[in-house]
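Structure data follow from entry_37.csv (CSV, C-alpha atoms and all ligand atoms):
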```csv
chain,number,residue,atom,x,y,z
A,1,MET,CA,142.7,159.6,13.1
A,2,THR,CA,145.6,157.6,14.4
A,3,GLY,CA,146.8,156.6,17.9
A,4,PRO,CA,144.9,155.5,21.0
A,5,ASP,CA,141.9,157.8,20.3
A,6,HIS,CA,141.2,155.6,17.3
A,7,SER,CA,140.7,152.7,19.7
A,8,GLY,CA,137.2,151.6,20.7
A,9,VAL,CA,138.6,151.0,24.2
A,10,TRP,CA,140.7,154.2,24.8
A,11,ARG,CA,137.9,156.5,23.4
A,12,TYR,CA,136.3,155.7,26.8
A,13,ARG,CA,139.5,156.1,28.8
A,14,GLU,CA,137.8,158.2,31.5
A,15,LEU,CA,135.8,155.2,32.3
A,16,VAL,CA,138.6,152.7,31.8
A,17,LEU,CA,141.9,154.0,33.1
A,18,PRO,CA,141.5,157.7,33.8
A,19,THR,CA,145.1,158.3,35.0
A,20,ILE,CA,146.7,157.0,31.8
A,21,GLN,CA,149.0,159.1,29.7
A,22,THR,CA,148.7,158.7,25.9
A,23,HIS,CA,152.3,157.6,25.5
A,24,GLU,CA,151.9,154.8,28.0
A,25,ILE,CA,149.1,153.1,26.0
A,26,VAL,CA,149.7,149.7,24.3
A,27,SER,CA,147.1,149.6,21.5
A,28,HIS,CA,146.8,147.9,18.1
A,29,PRO,CA,144.1,149.6,18.1
A,30,GLU,CA,141.1,147.5,19.1
A,31,GLY,CA,137.3,147.7,19.4
A,32,ASN,CA,135.1,149.8,17.0
A,33,THR,CA,133.3,146.5,16.2
A,34,PRO,CA,130.1,146.5,14.1
A,35,LEU,CA,126.5,146.1,15.4
A,36,LEU,CA,124.8,144.1,12.7
A,37,ALA,CA,121.2,143.6,11.7
A,38,ARG,CA,120.8,140.3,9.9
A,39,PRO,CA,117.1,139.5,9.2
A,40,ARG,CA,117.8,135.8,8.4
A,41,VAL,CA,119.4,135.3,11.9
A,42,ALA,CA,116.7,137.4,13.6
A,43,GLY,CA,114.0,135.4,11.8
A,44,TRP,CA,115.5,132.1,12.8
A,45,VAL,CA,115.6,133.2,16.4
A,46,GLY,CA,112.1,134.7,16.4
A,47,VAL,CA,113.1,138.1,17.6
A,48,GLU,CA,112.9,140.7,14.8
A,49,GLY,CA,114.9,143.3,16.7
A,50,LEU,CA,117.9,141.1,17.2
A,51,LEU,CA,121.3,142.8,16.6
A,52,LEU,CA,124.7,141.1,16.6
A,53,LYS,CA,127.7,142.9,18.2
A,54,HIS,CA,130.6,141.2,16.4
A,55,GLU,CA,133.7,141.2,18.6
A,56,GLY,CA,135.4,138.9,16.1
A,57,HIS,CA,136.3,142.1,14.3
A,58,ASN,CA,139.0,142.8,16.9
A,59,PRO,CA,142.7,142.6,15.8
A,60,THR,CA,143.2,139.1,17.1
A,61,GLY,CA,139.6,138.0,16.3
A,62,SER,CA,138.0,138.1,19.7
A,63,PHE,CA,136.8,140.5,22.5
A,64,LYS,CA,139.8,139.6,24.6
A,65,ASP,CA,141.8,142.4,22.9
A,66,ARG,CA,139.6,145.0,24.7
A,67,GLY,CA,140.7,143.8,28.1
A,68,MET,CA,144.2,143.0,27.0
A,69,THR,CA,145.1,146.5,25.8
A,70,VAL,CA,144.3,147.8,29.2
A,71,ALA,CA,146.0,145.0,31.2
A,72,MET,CA,149.1,145.1,29.0
A,73,THR,CA,149.3,148.9,29.3
A,74,GLN,CA,149.1,148.6,33.1
A,75,ALA,CA,151.7,145.8,33.1
A,76,ARG,CA,154.2,147.8,31.2
A,77,ARG,CA,153.4,150.9,33.2
A,78,THR,CA,154.2,149.0,36.4
A,79,SER,CA,157.4,147.6,34.9
A,80,ALA,CA,156.3,143.9,34.7
A,81,ARG,CA,159.3,141.7,33.6
A,82,ALA,CA,157.0,139.1,32.0
A,83,VAL,CA,153.3,138.4,31.5
A,84,ALA,CA,151.3,135.2,31.7
A,85,CYS,CA,147.8,133.8,31.4
A,86,ALA,CA,145.8,130.6,31.5
A,87,SER,CA,143.5,130.3,28.5
A,88,THR,CA,141.1,128.3,26.4
A,89,GLY,CA,142.8,130.0,23.4
A,90,ASN,CA,141.6,133.5,22.8
A,91,THR,CA,143.2,135.1,25.8
A,92,SER,CA,146.5,133.5,24.9
A,93,ALA,CA,146.3,134.7,21.3
A,94,SER,CA,145.5,138.2,22.5
A,95,LEU,CA,148.2,138.1,25.2
A,96,GLY,CA,150.7,137.0,22.5
A,97,ALA,CA,149.9,139.9,20.2
A,98,TYR,CA,149.9,142.6,22.9
A,99,ALA,CA,153.0,141.3,24.6
A,100,ALA,CA,154.8,141.5,21.2
A,101,LEU,CA,153.6,145.1,20.9
A,102,ALA,CA,154.7,145.9,24.4
A,103,GLY,CA,158.0,144.1,24.1
A,104,LEU,CA,157.4,141.8,27.1
A,105,PRO,CA,158.1,138.1,27.3
A,106,ALA,CA,154.8,136.1,27.4
A,107,LEU,CA,154.0,132.7,28.9
A,108,VAL,CA,150.7,131.0,28.3
A,109,PHE,CA,149.1,127.9,29.9
A,110,VAL,CA,146.5,126.1,27.7
A,111,PRO,CA,144.8,122.7,28.0
A,112,ALA,CA,146.7,120.3,25.9
A,113,GLY,CA,144.7,119.1,22.9
A,114,LYS,CA,141.6,121.3,23.7
A,115,VAL,CA,142.5,124.6,22.0
A,116,ALA,CA,141.0,125.4,18.6
A,117,LEU,CA,143.5,125.4,15.7
A,118,GLY,CA,143.3,129.1,14.9
A,119,LYS,CA,144.0,130.1,18.4
A,120,ILE,CA,147.0,127.9,19.0
A,121,ALA,CA,148.4,129.0,15.7
A,122,GLN,CA,148.0,132.6,16.6
A,123,THR,CA,149.6,132.1,20.0
A,124,MET,CA,152.7,130.5,18.5
A,125,ALA,CA,152.9,133.0,15.6
A,126,TYR,CA,152.8,136.1,17.9
A,127,GLY,CA,155.7,134.6,19.9
A,128,ALA,CA,154.3,133.6,23.3
A,129,ARG,CA,156.0,130.7,25.1
A,130,THR,CA,153.2,128.1,24.9
A,131,LEU,CA,152.8,125.5,27.6
A,132,LEU,CA,150.4,122.7,26.8
A,133,VAL,CA,149.2,121.6,30.2
A,134,ARG,CA,147.8,118.1,30.7
A,135,GLY,CA,144.6,119.2,32.3
A,136,ASN,CA,141.6,121.4,31.7
A,137,PHE,CA,141.3,125.2,31.8
A,138,ASP,CA,140.7,125.2,35.5
A,139,ASP,CA,144.0,123.3,36.1
A,140,CYS,CA,145.7,125.9,33.8
A,141,LEU,CA,144.4,128.8,35.8
A,142,ARG,CA,145.4,127.3,39.1
A,143,LEU,CA,148.9,126.7,37.8
A,144,ALA,CA,149.2,130.1,36.2
A,145,ARG,CA,148.2,131.8,39.5
A,146,GLU,CA,150.7,129.8,41.5
A,147,ALA,CA,153.5,130.2,39.0
A,148,SER,CA,152.9,134.0,38.7
A,149,ALA,CA,152.9,134.5,42.5
A,150,GLU,CA,156.1,132.4,43.0
A,151,LEU,CA,158.0,133.6,40.0
A,152,GLY,CA,157.0,137.3,40.0
A,153,ILE,CA,155.2,137.2,36.6
A,154,HIS,CA,152.3,139.6,35.9
A,155,LEU,CA,149.1,137.6,35.6
A,156,LEU,CA,146.7,138.9,32.8
A,157,ASN,CA,143.7,136.6,33.3
A,158,SER,CA,140.3,138.3,33.8
A,159,VAL,CA,141.0,138.0,37.6
A,160,ASN,CA,143.1,141.0,36.8
A,161,PRO,CA,140.7,143.9,37.3
A,162,PHE,CA,142.3,146.0,34.4
A,163,ARG,CA,141.0,143.3,31.9
A,164,LEU,CA,137.4,143.9,33.1
A,165,GLU,CA,137.8,147.7,32.7
A,166,GLY,CA,138.6,147.2,29.1
A,167,GLN,CA,135.9,144.6,28.5
A,168,LYS,CA,133.3,147.1,29.8
A,169,THR,CA,133.7,149.0,26.5
A,170,ILE,CA,131.9,146.2,24.6
A,171,VAL,CA,128.8,147.5,26.4
A,172,LEU,CA,129.6,151.2,26.3
A,173,GLU,CA,130.3,151.0,22.5
A,174,LEU,CA,127.1,149.1,21.7
A,175,LEU,CA,125.1,151.6,23.8
A,176,GLU,CA,126.7,154.5,21.9
A,177,GLN,CA,125.9,152.7,18.6
A,178,LEU,CA,122.2,152.6,19.8
A,179,GLU,CA,122.5,156.4,20.6
A,180,TRP,CA,122.3,155.5,24.4
A,181,ASP,CA,118.8,154.1,23.9
A,182,ALA,CA,119.4,150.9,25.8
A,183,PRO,CA,118.2,147.5,24.5
A,184,ASP,CA,115.9,145.3,26.5
A,185,TRP,CA,118.4,142.4,26.6
A,186,ILE,CA,122.1,141.8,26.1
A,187,ALA,CA,123.0,138.1,25.6
A,188,LEU,CA,126.5,136.7,25.9
A,189,PRO,CA,128.3,133.4,26.2
A,190,ALA,CA,129.6,132.7,29.6
A,191,GLY,CA,132.6,130.7,30.6
A,192,ASN,CA,135.0,132.1,33.2
A,193,LEU,CA,132.4,134.9,33.8
A,194,GLY,CA,134.8,137.8,33.3
A,195,ASN,CA,132.6,139.3,30.6
A,196,THR,CA,129.4,138.8,32.6
A,197,ALA,CA,131.1,140.7,35.4
A,198,ALA,CA,132.4,143.4,33.1
A,199,PHE,CA,129.0,143.9,31.5
A,200,GLY,CA,127.3,144.5,34.8
A,201,LYS,CA,129.9,147.0,35.9
A,202,ALA,CA,129.6,148.9,32.6
A,203,LEU,CA,125.8,149.1,32.8
A,204,ARG,CA,126.0,150.2,36.5
A,205,GLU,CA,128.4,153.0,35.6
A,206,ALA,CA,126.5,154.1,32.5
A,207,HIS,CA,123.3,154.2,34.5
A,208,ALA,CA,124.9,156.1,37.4
A,209,LEU,CA,126.3,158.7,34.9
A,210,GLY,CA,122.9,159.1,33.3
A,211,LEU,CA,124.1,157.8,29.9
A,212,ILE,CA,121.2,155.4,29.9
A,213,THR,CA,118.0,155.7,31.8
A,214,ARG,CA,117.1,152.1,32.2
A,215,MET,CA,119.0,148.8,32.7
A,216,PRO,CA,119.0,146.2,30.0
A,217,ARG,CA,118.7,142.6,31.3
A,218,ILE,CA,121.7,140.3,30.9
A,219,ALA,CA,121.2,136.8,29.5
A,220,ALA,CA,124.4,134.8,30.2
A,221,VAL,CA,124.5,131.5,28.2
A,222,GLN,CA,126.6,128.5,29.1
A,223,ALA,CA,127.2,125.3,27.2
A,224,SER,CA,125.2,122.6,28.9
A,225,GLY,CA,128.3,120.4,29.5
A,226,ALA,CA,130.0,123.3,31.3
A,227,ALA,CA,127.2,125.1,33.1
A,228,PRO,CA,127.8,125.4,36.8
A,229,PHE,CA,126.6,129.1,36.8
A,230,ALA,CA,123.3,128.2,35.1
A,231,ALA,CA,122.7,125.4,37.6
A,232,SER,CA,123.5,127.7,40.5
A,233,PHE,CA,121.1,130.4,39.0
A,234,ARG,CA,118.3,127.8,39.0
A,235,GLY,CA,118.9,127.3,42.7
A,236,GLY,CA,118.9,131.1,43.5
A,237,PHE,CA,122.7,131.2,43.6
A,238,ALA,CA,122.6,129.5,47.0
A,239,GLU,CA,125.7,127.4,46.1
A,240,ARG,CA,128.9,128.0,44.2
A,241,LEU,CA,129.1,125.0,42.0
A,242,HIS,CA,131.8,123.4,39.8
A,243,VAL,CA,131.7,120.7,37.2
A,244,ASP,CA,134.0,118.5,35.1
A,245,PRO,CA,133.5,120.5,31.8
A,246,GLU,CA,132.9,119.1,28.3
A,247,THR,CA,131.6,120.9,25.2
A,248,ILE,CA,132.4,121.4,21.6
A,249,ALA,CA,132.6,125.2,22.4
A,250,THR,CA,136.2,124.8,23.7
A,251,ALA,CA,136.4,128.6,24.5
A,252,ILE,CA,133.9,128.1,27.3
A,253,ARG,CA,134.9,124.6,28.4
A,254,ILE,CA,135.3,125.8,32.0
A,255,GLY,CA,134.1,124.0,35.2
A,256,ALA,CA,135.1,126.4,38.0
A,257,PRO,CA,134.5,130.0,36.8
A,258,ALA,CA,136.8,132.6,38.4
A,259,SER,CA,134.7,135.8,38.3
A,260,TRP,CA,131.7,134.1,40.1
A,261,ASP,CA,130.7,136.7,42.7
A,262,ARG,CA,130.9,139.7,40.4
A,263,ALA,CA,128.9,137.8,37.8
A,264,VAL,CA,126.2,137.0,40.3
A,265,ARG,CA,126.0,140.7,41.1
A,266,THR,CA,125.5,141.4,37.3
A,267,ILE,CA,122.6,139.0,37.1
A,268,GLN,CA,121.0,140.2,40.2
A,269,GLU,CA,121.3,143.9,39.5
A,270,THR,CA,120.1,143.6,35.9
A,271,SER,CA,117.2,141.1,36.7
A,272,GLY,CA,119.2,138.9,34.3
A,273,VAL,CA,118.9,135.2,33.6
A,274,VAL,CA,121.5,132.4,33.2
A,275,THR,CA,120.7,129.5,30.9
A,276,SER,CA,122.5,126.7,29.1
A,277,VAL,CA,122.3,125.3,25.5
A,278,SER,CA,123.4,122.0,24.1
A,279,ASP,CA,126.3,121.5,21.7
A,280,ALA,CA,123.7,120.6,19.0
A,281,GLU,CA,121.9,123.9,19.6
A,282,ILE,CA,125.2,125.8,19.5
A,283,LEU,CA,126.2,124.1,16.2
A,284,GLU,CA,122.8,124.9,14.6
A,285,ALA,CA,123.0,128.5,15.7
A,286,LYS,CA,126.5,128.8,14.4
A,287,ALA,CA,125.5,127.3,11.0
A,288,ILE,CA,122.7,130.0,10.7
A,289,ILE,CA,125.1,132.8,11.7
A,290,ASP,CA,127.8,131.5,9.4
A,291,ALA,CA,125.5,131.1,6.4
A,292,ALA,CA,124.3,134.7,6.9
A,293,GLY,CA,127.9,135.6,5.9
A,294,VAL,CA,128.6,136.8,9.4
A,295,GLY,CA,130.4,133.8,10.9
A,296,CYS,CA,131.6,133.2,14.5
A,297,GLU,CA,133.3,130.5,16.6
A,298,PRO,CA,131.1,127.9,18.4
A,299,ALA,CA,131.2,129.6,21.8
A,300,SER,CA,129.9,132.8,20.3
A,301,ALA,CA,126.9,131.1,18.8
A,302,ALA,CA,125.8,130.2,22.3
A,303,SER,CA,124.5,133.7,22.7
A,304,VAL,CA,122.2,133.4,19.7
A,305,ALA,CA,121.1,129.9,20.7
A,306,GLY,CA,120.3,131.2,24.1
A,307,VAL,CA,118.2,134.0,22.8
A,308,LYS,CA,116.2,131.5,20.6
A,309,GLN,CA,115.7,129.3,23.7
A,310,LEU,CA,114.6,132.2,25.9
A,311,ARG,CA,112.2,133.4,23.1
A,312,ALA,CA,110.7,129.9,22.9
A,313,ARG,CA,110.1,129.9,26.6
A,314,GLY,CA,108.6,133.4,26.5
A,315,THR,CA,111.3,134.9,28.7
A,316,ILE,CA,112.3,137.2,25.8
A,317,ALA,CA,109.3,138.8,24.0
A,318,ARG,CA,109.0,138.7,20.2
A,319,ASP,CA,109.2,142.5,20.0
A,320,ALA,CA,112.1,142.8,22.4
A,321,ARG,CA,115.3,144.7,21.4
A,322,VAL,CA,118.1,142.3,21.9
A,323,VAL,CA,121.8,142.5,21.3
A,324,ALA,CA,123.6,139.2,21.1
A,325,VAL,CA,127.4,139.4,21.4
A,326,LEU,CA,129.5,137.3,19.0
A,327,THR,CA,132.7,136.9,20.9
A,328,GLY,CA,135.1,135.4,18.4
A,329,HIS,CA,135.8,135.1,14.6
A,330,VAL,CA,134.7,132.1,12.5
A,331,LEU,CA,138.3,131.3,11.6
A,332,LYS,CA,139.2,130.7,15.3
A,333,ASP,CA,137.9,127.2,15.0
A,334,PRO,CA,138.2,125.8,11.5
A,335,GLY,CA,138.2,122.3,12.8
A,336,ALA,CA,134.6,122.7,14.1
A,337,VAL,CA,133.5,124.1,10.7
A,338,VAL,CA,135.1,121.3,8.7
A,339,ALA,CA,133.7,118.6,11.1
A,340,TYR,CA,130.2,120.1,10.8
A,341,HIS,CA,130.0,120.5,7.1
A,342,GLN,CA,132.2,117.7,5.9
A,343,GLU,CA,132.4,114.9,8.5
A,344,MET,CA,129.3,114.6,10.6
A,345,GLU,CA,127.2,111.5,9.8
A,346,PRO,CA,124.4,111.8,9.1
A,347,PRO,CA,125.0,115.3,7.7
A,348,PRO,CA,123.3,117.9,10.0
A,349,GLU,CA,120.4,119.9,8.5
A,350,HIS,CA,122.5,122.9,7.5
A,351,ALA,CA,125.6,121.0,6.3
A,352,ASN,CA,127.1,122.4,3.2
A,353,ARG,CA,129.0,119.4,1.8
A,354,PRO,CA,131.7,120.2,-0.7
A,355,ILE,CA,131.7,118.0,-3.8
A,356,GLU,CA,134.8,116.6,-5.4
A,357,ILE,CA,134.7,116.5,-9.2
A,358,GLU,CA,136.8,115.7,-12.3
A,359,PRO,CA,138.0,118.8,-14.1
A,360,ARG,CA,135.2,118.7,-16.7
A,361,VAL,CA,132.3,121.2,-17.4
A,362,ALA,CA,129.9,118.3,-17.7
A,363,GLU,CA,130.5,117.6,-14.0
A,364,VAL,CA,129.9,121.2,-13.0
A,365,GLU,CA,126.7,121.1,-15.0
A,366,ARG,CA,125.6,117.9,-13.2
A,367,VAL,CA,126.2,119.6,-9.8
A,368,LEU,CA,124.2,122.7,-10.9
A,369,ARG,CA,121.2,120.5,-12.0
A,370,ARG,CA,120.9,118.8,-8.6
B,401,LIG,N1,133.5,133.5,24.0
B,401,LIG,C1,134.8,133.3,23.6
B,401,LIG,C2,135.1,133.2,22.2
B,401,LIG,C3,135.8,133.1,24.6
B,401,LIG,O1,137.0,132.9,24.2
B,401,LIG,C4,135.4,133.2,26.0
B,401,LIG,C5,136.4,133.0,27.0
B,401,LIG,C6,134.1,133.4,26.3
B,401,LIG,C7,133.1,133.6,25.3
B,401,LIG,C8,133.6,133.5,27.7
B,401,LIG,O2,134.0,134.6,28.3
B,401,LIG,O3,135.3,133.7,30.2
B,401,LIG,O4,134.5,136.0,30.2
B,401,LIG,O5,132.9,134.2,30.5
B,401,LIG,N2,137.6,132.7,26.8
B,401,LIG,C9,138.7,132.6,27.8
B,401,LIG,C10,140.0,132.4,27.1
B,401,LIG,C11,138.5,131.7,28.9
B,401,LIG,O6,141.0,131.9,27.7
B,401,LIG,O7,140.2,132.8,26.0
B,401,LIG,P1,134.2,134.7,29.9
```
Reformat the file's structure so that it appears as structure tokens.
Ligand code: F0G
Amino acid sequence: MTGPDHSGVWRYRELVLPTIQTHEIVSHPEGNTPLLARPRVAGWVGVEGLLLKHEGHNPTGSFKDRGMTVAMTQARRTSARAVACASTGNTSASLGAYAALAGLPALVFVPAGKVALGKIAQTMAYGARTLLVRGNFDDCLRLAREASAELGIHLLNSVNPFRLEGQKTIVLELLEQLEWDAPDWIALPAGNLGNTAAFGKALREAHALGLITRMPRIAAVQASGAAPFAASFRGGFAERLHVDPETIATAIRIGAPASWDRAVRTIQETSGVVTSVSDAEILEAKAIIDAAGVGCEPASAASVAGVKQLRARGTIARDARVVAVLTGHVLKDPGAVVAYHQEMEPPPEHANRPIEIEPRVAEVERVLRR
């Protein structure tokens, strides 16, 4: 099979963009990501029925491609002259690749010095004009919004509703992989809250159509240094909070999430929870996922770290069926991997230190004997 029907997004086109004509679709293709059972990860978390939905298997290595194919299709369809986004790195990589496919000029706003190496490399490689903004993601988004409005550029952040329509297919696809027998929980990392919003909409629609008969609960997991949504949840969402963000998980280093209201609706409608995990917990979860041969970027590991924490607290039962979404590929952030395994002092528990040797068999033997 070739063409858009091969895409894990456009297979669901009736629920994504029903009026689209096949020839209008800008697709690499994307989606069709695996749902993995990895007993070592499940055992570490303490939930035997844990499955990992690995969105790092998308063409640019993150879930962003699912939203981008839809938003780029709509941009070209409506004759956009250029496209733009603010990003912590993955959206910019995805925008670059899809703009190249669509033949549209692309402009990205990223926080200077705070984007993981793999993502900035991709963005430059795919040909997007890359602006390193002296500020954080929240400053980038404000600037991208203002510049797009003034200069007539098509903004493709997740504030663009077409992005969320595409991102719904993460949930539709995992439900289909489970033969529409919905899990008890779906856990995901939360930054700008676009995905949290999209997941709620997908579940709402799947339930209304009778594709599933009960609602999974959403667990949205933030990094503790960038957790305004988790703090607000603890206060019953009485206040919309913002913080000055800091975390090793640069993808979710966001202090003023944009899709706030829609994400609140998701949590409320699914009896969901929002929690936060420390950078140390994120790095440990990542080391476990990586060492299982699966691999993911730091932000993605927040979902698994969150499930472990919610299990320890008794919120998630030992026999629960849980899907944790891994949002990005291990190679997105090689700097984090090298720092963890090679540079941190003292070495963390799961550090896999490389050993430098002279080119002699005796030295190899010495290493093997250790
Ligand atoms: N995981 C990864 C790997 C991400 O790149 C992001 C967001 C998230 C999780 C959080 O998703 O924002 O929908 O709550 N990355 C955006 C970007 C901000 O610019 O690439 P969210």
One decimal, in Å: what's the spacing between CA of Ser300 (chain A) and CA of Thr213 (chain A)?
28.3 Å
Ligand LIG 401 (chain B): which residues are within 6 Å, counting only C-alpha atoms and all ligand atoms? Reply as a list in words.
Ser87, Thr88, Gly89, Asn90, Thr91, Pro189, Ala190, Gly191, Asn192, Leu193, Gly194, Asn195, Ala251, Ile252, Ala299, Ser300, Thr327 and Gly328 of chain A
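As for CA of Gly166 (chain A) and CA of Ala198 (chain A), they are spaced 8.3 Å apart.
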Could I get the residues of region 106-175 of chain A with an atom no further than 10 Å from an atom of region 204-211 of chain A, each paired with its nearest atom pair and that distance in Å to one decimal, using only C-alpha atoms, sorted by chain and residue number, as JSON lines?
```
{"residue": "A:Lys168", "atom": "CA", "partner": "A:Glu205", "partner_atom": "CA", "distance": 9.6}
{"residue": "A:Val171", "atom": "CA", "partner": "A:Ala206", "partner_atom": "CA", "distance": 9.3}
{"residue": "A:Leu172", "atom": "CA", "partner": "A:Ala206", "partner_atom": "CA", "distance": 7.5}
{"residue": "A:Leu175", "atom": "CA", "partner": "A:Leu211", "partner_atom": "CA", "distance": 8.8}
```
List the spatial neighbours of Ala84 (chain A) as a PyMOL selection string - criterion: any atom at most 12 Å away, all atoms listed in the file, same-chain residues fewer than 6 positions off excluded.
chain A and resi 68+71-72+75+91-96+98-99+104-110+128-131+140-141+143-149+151-158+160
Got time to write the residues from that selection, C-alpha atoms, as a CSV table (one decimal), keeping the file's coordinate frame?
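Printed below is selection07.csv as written:
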```
chain,number,residue,atom,x,y,z
A,68,MET,CA,144.2,143.0,27.0
A,71,ALA,CA,146.0,145.0,31.2
A,72,MET,CA,149.1,145.1,29.0
A,75,ALA,CA,151.7,145.8,33.1
A,91,THR,CA,143.2,135.1,25.8
A,92,SER,CA,146.5,133.5,24.9
A,93,ALA,CA,146.3,134.7,21.3
A,94,SER,CA,145.5,138.2,22.5
A,95,LEU,CA,148.2,138.1,25.2
A,96,GLY,CA,150.7,137.0,22.5
A,98,TYR,CA,149.9,142.6,22.9
A,99,ALA,CA,153.0,141.3,24.6
A,104,LEU,CA,157.4,141.8,27.1
A,105,PRO,CA,158.1,138.1,27.3
A,106,ALA,CA,154.8,136.1,27.4
A,107,LEU,CA,154.0,132.7,28.9
A,108,VAL,CA,150.7,131.0,28.3
A,109,PHE,CA,149.1,127.9,29.9
A,110,VAL,CA,146.5,126.1,27.7
A,128,ALA,CA,154.3,133.6,23.3
A,129,ARG,CA,156.0,130.7,25.1
A,130,THR,CA,153.2,128.1,24.9
A,131,LEU,CA,152.8,125.5,27.6
A,140,CYS,CA,145.7,125.9,33.8
A,141,LEU,CA,144.4,128.8,35.8
A,143,LEU,CA,148.9,126.7,37.8
A,144,ALA,CA,149.2,130.1,36.2
A,145,ARG,CA,148.2,131.8,39.5
A,146,GLU,CA,150.7,129.8,41.5
A,147,ALA,CA,153.5,130.2,39.0
A,148,SER,CA,152.9,134.0,38.7
A,149,ALA,CA,152.9,134.5,42.5
A,151,LEU,CA,158.0,133.6,40.0
A,152,GLY,CA,157.0,137.3,40.0
A,153,ILE,CA,155.2,137.2,36.6
A,154,HIS,CA,152.3,139.6,35.9
A,155,LEU,CA,149.1,137.6,35.6
A,156,LEU,CA,146.7,138.9,32.8
A,157,ASN,CA,143.7,136.6,33.3
A,158,SER,CA,140.3,138.3,33.8
A,160,ASN,CA,143.1,141.0,36.8
```
Excluding Glu165 (chain A) and residues on its chain fewer than 6 positions from it, collect all residues at most 8 Å away from it, counting all atoms listed in the file, and give them as a PDB file with C-alpha atoms, in the coordinates of the input.
```
ATOM      1  CA  LEU A  15     135.800 155.200  32.300  1.00  0.00           C
ATOM      2  CA  VAL A  16     138.600 152.700  31.800  1.00  0.00           C
ATOM      3  CA  LEU A  17     141.900 154.000  33.100  1.00  0.00           C
ATOM      4  CA  GLY A  67     140.700 143.800  28.100  1.00  0.00           C
ATOM      5  CA  VAL A  70     144.300 147.800  29.200  1.00  0.00           C
ATOM      6  CA  ALA A 198     132.400 143.400  33.100  1.00  0.00           C
TER       7      ALA A 198
END
```
Nearest-residue call for Lys332 (chain A), choices A:Arg265, A:His57, A:Arg38, A:His23, using all atoms listed in the file:
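Once distances to Lys332 (chain A) are computed over all atoms listed in the file, the minimum belongs to A:His57.
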Would you list the contacts of Ala317 (chain A) as a ChimeraX atom specification, taking every protein, DNA or RNA residue within 10 Å and counting only C-alpha atoms, but skipping same-chain residues closer than 5 positions in sequence?
/A:46-47,184,310-312,322
The selected residues should be written to file as a compact mmCIF listing (two decimals), in the coordinates of the input (atoms: C-alpha atoms).
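Saved file part.txt follows:
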```txt
# COMPACT_ATOMS: atom_id res chain seq x y z
CA GLY A 46 112.10 134.70 16.40
CA VAL A 47 113.10 138.10 17.60
CA ASP A 184 115.90 145.30 26.50
CA LEU A 310 114.60 132.20 25.90
CA ARG A 311 112.20 133.40 23.10
CA ALA A 312 110.70 129.90 22.90
CA VAL A 322 118.10 142.30 21.90
```
What's the separation between CA of Lys308 (chain A) and CA of Gly335 (chain A), in Å to one decimal place?
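Answer for the CA of Lys308 (chain A) to CA of Gly335 (chain A) separation: 25.1 Å.
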For Lys114 (chain A), list every protein, DNA or RNA residue within 12 Å, evaluated using all atoms listed in the file, and leave out those in the same chain fewer than 6 positions away; present the list as number ranges by chain.
A: 87-89, 120, 132-137, 140, 245-254, 333, 335-336
Hey, which of A:Gly235, A:Gly56, A:Gly314, A:Gly31 ends up closest to Val294 (chain A)? Count all atoms listed in the file.
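That would be A:Gly56, the residue with the smallest distance to Val294 (chain A).
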Long-range neighbours of region 2-9 of chain A as number ranges by chain, 12 Å cut-off, all atoms listed in the file, 2 positions minimum in chain:
A: 11-17, 20-34, 55, 57-59, 63-71, 73, 162-174, 176-177
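Checking A:Asp261, A:Asp138, A:Glu297, A:Asp244 one by one against Ile282 (chain A), counting all atoms listed in the file, you find the shortest gap at A:Glu297.
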Between A:Thr266, A:Ala223, A:Asn352, A:Pro347, smallest distance to Asp279 (chain A) by all atoms listed in the file belongs to A:Ala223
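Residue nearest Ala324 (chain A) within the list A:Val83, A:Ile218, A:Leu178, A:Ala291: A:Ile218 [criterion: smallest interatomic distance, only C-alpha atoms].
Compared by their closest atoms to Val323 (chain A), and using all atoms listed in the file, the residues A:Gly306, A:Arg77, A:Ala100, A:Trp44 rank with A:Gly306 nearest.
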